Amino acid sequence: MEQLPESVDRDILEHRIIAAITTIRETLGCTIHQAIDVFTERYEGLRRDRPDAFDLSQDEYGRGFYS
């Protein structure tokens, strides 16, 4: 995966989806759809590697966010 700032991981873990996607777009210079794909890939990696770092379940995490 491309080099992303550490703030993206912090934003994902703290449920700041919009902030993470915005940083991804600014860093990679990509479209919103591409940024959402990168976000999803990073989210899944963090879920797999650091499951205890999340305070919301997978079902609860994306609730209320529509892309």
# chains A, B, ... in the order shown; residues from 1 in each chain; ligands from 1

$ select_by_dssp --residues "chain A" --states "alpha helix (DSSP H)" --output "number ranges by chain"
A: 6-13, 17-28, 32-49, 58-61

$ residues_around --residues "segment 10-17 of chain A" --least-positions-apart "3" --cutoff "9 Å" --atoms "only C-alpha atoms" --output "list in words"
Glu6, Ser7, Ala20, Ile21, Thr22, Phe39, Arg42, Tyr43, Leu46, Ala53, Phe54, Asp55, Leu56, Tyr61, Gly62 and Phe65 of chain A
